[in-house]
Amino acid sequence: TQLLEQSPQFLSIQEGENLTVYCNSSSVFSSLQWYRQEPGEGPVLLVTVVTGGEVKKLKRLTFQFGDARKDSSLHITAAQPGDTGLYLCAGAKGGSYIPTFGRGTSLIVHP
Amino acid sequence: ETGVTQTPRHLVMGMTNKKSLKCEQHLGHNAMYWYKQSAKKPLELMFVYSLEERVENNSVPSRFSPECPNSSHLFLHLHTLQPEDSALYLCASSPTLVGRPSTDTQYFGPGTRLTVL
């Protein structure tokens, strides 16, 4: 069974601060997705990374896929209250059609 | 995002009731999924359908019964549930089965918040 460990589990910060959350595994994934889920809603896809070492930017969010395709990080610059939510990573392994989800990082950004 | 819709959004039922959750996707996708999301647990995959055929039943109790009449609709029929079945039930769809890098994208509905009394 593939396991994706996300850290930290909870994060409470002030508006304007920077933060990084991590998604780690001992398994190699063909791709990895990051989702944000707001209370009472389903997860919304933010990005998919496929190539080892790949870096993608989405406004103030920077996503990186590890060189070995076993881990990923999400960095948020100058966090805003609208960034509040549960950040989930999910990995898909080549040959398997079932993605594995991490437990998520719950982020609260205070105004 | 209105690509995947779920009804009802909230459901309270007793342990002897029978109810159904509905999911509809307007994205032209061929694969659909049911997930269970409980507090402090990772998303748990329950069922996977591809072109209306069930391809995965992830050791789900028989009190949960899925139905996929066509590639746009997915149902989850519930009967004699237990209080521990209370959770957010999420439906998702993808162009084809997730696992190929070019199509490793799932789109989720807003979920049905289920409470079993």
# chains A, B, ... in the order shown; residues from 1 in each chain; ligands from 1
call {"tool": "interface_residues", "arguments": {"of": "chain A", "to": "chain B", "cutoff": "12 Å", "atoms": "only C-alpha atoms", "output": "JSON, numbers by chain"}}
result
{"A": [3, 4, 5, 6, 9, 10, 29, 30, 31, 32, 33, 34, 35, 36, 37, 38, 39, 40, 41, 42, 43, 44, 45, 46, 47, 48, 49, 50, 51, 86, 87, 88, 89, 90, 91, 92, 93, 94, 95, 96, 97, 98, 99, 100, 101, 102, 103, 104, 105, 106]}
call {"tool": "select_by_dssp", "arguments": {"residues": "region 42-102 of chain B", "states": "strand (DSSP E or B)", "output": "ChimeraX atom specification"}}
result
/B:44-50,53-57,64-70,73-79,87-94
call {"tool": "residues_around", "arguments": {"residues": "Leu58 (chain A)", "least_positions_apart": "2", "cutoff": "10 Å", "atoms": "only C-alpha atoms", "output": "NGL selection string"}}
result
:A and (46-47 or 56 or 60-63 or 76)
call {"tool": "write_last_selection", "arguments": {"atoms": "all heavy atoms", "output": "PDB file, in the first residue's frame"}}
result
ATOM      1  N   LEU A  46      -5.455  21.940  -7.817  1.00  0.00           N
ATOM      2  CA  LEU A  46      -4.599  23.113  -7.997  1.00  0.00           C
ATOM      3  C   LEU A  46      -3.578  22.878  -9.102  1.00  0.00           C
ATOM      4  O   LEU A  46      -3.380  23.725  -9.967  1.00  0.00           O
ATOM      5  CB  LEU A  46      -3.869  23.436  -6.687  1.00  0.00           C
ATOM      6  CG  LEU A  46      -4.752  23.835  -5.501  1.00  0.00           C
ATOM      7  CD1 LEU A  46      -3.901  23.976  -4.251  1.00  0.00           C
ATOM      8  CD2 LEU A  46      -5.496  25.121  -5.797  1.00  0.00           C
ATOM      9  N   VAL A  47      -2.924  21.724  -9.050  1.00  0.00           N
ATOM     10  CA  VAL A  47      -1.846  21.474 -10.016  1.00  0.00           C
ATOM     11  C   VAL A  47      -1.561  19.978 -10.096  1.00  0.00           C
ATOM     12  O   VAL A  47      -1.851  19.232  -9.159  1.00  0.00           O
ATOM     13  CB  VAL A  47      -0.562  22.223  -9.577  1.00  0.00           C
ATOM     14  CG1 VAL A  47       0.144  21.497  -8.436  1.00  0.00           C
ATOM     15  CG2 VAL A  47       0.389  22.439 -10.720  1.00  0.00           C
ATOM     16  N   LYS A  56       6.214  24.242 -10.576  1.00  0.00           N
ATOM     17  CA  LYS A  56       5.108  24.962 -11.192  1.00  0.00           C
ATOM     18  C   LYS A  56       4.662  26.072 -10.265  1.00  0.00           C
ATOM     19  O   LYS A  56       4.639  25.896  -9.045  1.00  0.00           O
ATOM     20  CB  LYS A  56       3.932  24.021 -11.480  1.00  0.00           C
ATOM     21  CG  LYS A  56       4.117  23.150 -12.701  1.00  0.00           C
ATOM     22  CD  LYS A  56       2.814  22.454 -13.072  1.00  0.00           C
ATOM     23  CE  LYS A  56       2.962  21.719 -14.388  1.00  0.00           C
ATOM     24  NZ  LYS A  56       1.710  21.013 -14.779  1.00  0.00           N
ATOM     25  N   ARG A  60       0.712  32.983  -6.141  1.00  0.00           N
ATOM     26  CA  ARG A  60       1.588  32.970  -4.961  1.00  0.00           C
ATOM     27  C   ARG A  60       1.938  31.551  -4.500  1.00  0.00           C
ATOM     28  O   ARG A  60       2.628  31.380  -3.497  1.00  0.00           O
ATOM     29  CB  ARG A  60       0.903  33.712  -3.808  1.00  0.00           C
ATOM     30  CG  ARG A  60       0.696  35.214  -4.072  1.00  0.00           C
ATOM     31  CD  ARG A  60      -0.081  35.875  -2.942  1.00  0.00           C
ATOM     32  NE  ARG A  60      -1.469  35.390  -2.899  1.00  0.00           N
ATOM     33  CZ  ARG A  60      -1.908  34.463  -2.070  1.00  0.00           C
ATOM     34  NH1 ARG A  60      -1.102  33.932  -1.180  1.00  0.00           N
ATOM     35  NH2 ARG A  60      -3.165  34.089  -2.098  1.00  0.00           N
ATOM     36  N   LEU A  61       1.473  30.548  -5.219  1.00  0.00           N
ATOM     37  CA  LEU A  61       1.731  29.155  -4.846  1.00  0.00           C
ATOM     38  C   LEU A  61       2.813  28.574  -5.747  1.00  0.00           C
ATOM     39  O   LEU A  61       2.748  28.717  -6.972  1.00  0.00           O
ATOM     40  CB  LEU A  61       0.456  28.328  -4.982  1.00  0.00           C
ATOM     41  CG  LEU A  61      -0.567  28.371  -3.844  1.00  0.00           C
ATOM     42  CD1 LEU A  61      -1.109  29.763  -3.612  1.00  0.00           C
ATOM     43  CD2 LEU A  61      -1.702  27.399  -4.130  1.00  0.00           C
ATOM     44  N   THR A  62       3.806  27.926  -5.141  1.00  0.00           N
ATOM     45  CA  THR A  62       4.874  27.269  -5.887  1.00  0.00           C
ATOM     46  C   THR A  62       4.900  25.799  -5.509  1.00  0.00           C
ATOM     47  O   THR A  62       4.997  25.469  -4.322  1.00  0.00           O
ATOM     48  CB  THR A  62       6.241  27.905  -5.585  1.00  0.00           C
ATOM     49  OG1 THR A  62       6.205  29.296  -5.919  1.00  0.00           O
ATOM     50  CG2 THR A  62       7.335  27.218  -6.402  1.00  0.00           C
ATOM     51  N   PHE A  63       4.801  24.941  -6.500  1.00  0.00           N
ATOM     52  CA  PHE A  63       4.774  23.493  -6.302  1.00  0.00           C
ATOM     53  C   PHE A  63       6.062  22.900  -6.858  1.00  0.00           C
ATOM     54  O   PHE A  63       6.509  23.279  -7.936  1.00  0.00           O
ATOM     55  CB  PHE A  63       3.580  22.875  -7.027  1.00  0.00           C
ATOM     56  CG  PHE A  63       2.262  23.469  -6.657  1.00  0.00           C
ATOM     57  CD1 PHE A  63       1.801  24.616  -7.297  1.00  0.00           C
ATOM     58  CD2 PHE A  63       1.469  22.889  -5.683  1.00  0.00           C
ATOM     59  CE1 PHE A  63       0.575  25.171  -6.969  1.00  0.00           C
ATOM     60  CE2 PHE A  63       0.240  23.434  -5.349  1.00  0.00           C
ATOM     61  CZ  PHE A  63      -0.206  24.578  -5.990  1.00  0.00           C
ATOM     62  N   ILE A  76       3.640  28.734  -0.136  1.00  0.00           N
ATOM     63  CA  ILE A  76       2.744  29.873  -0.328  1.00  0.00           C
ATOM     64  C   ILE A  76       3.450  31.128   0.154  1.00  0.00           C
ATOM     65  O   ILE A  76       3.922  31.182   1.305  1.00  0.00           O
ATOM     66  CB  ILE A  76       1.401  29.692   0.410  1.00  0.00           C
ATOM     67  CG1 ILE A  76       0.706  28.416  -0.077  1.00  0.00           C
ATOM     68  CG2 ILE A  76       0.507  30.909   0.187  1.00  0.00           C
ATOM     69  CD1 ILE A  76      -0.621  28.131   0.627  1.00  0.00           C
TER      70      ILE A  76
END
call {"tool": "closest_residue", "arguments": {"among": "A:Ala68, A:Leu74, A:Cys23, A:Ala79", "to": "Val55 (chain A)", "atoms": "only C-alpha atoms"}}
result
A:Leu74
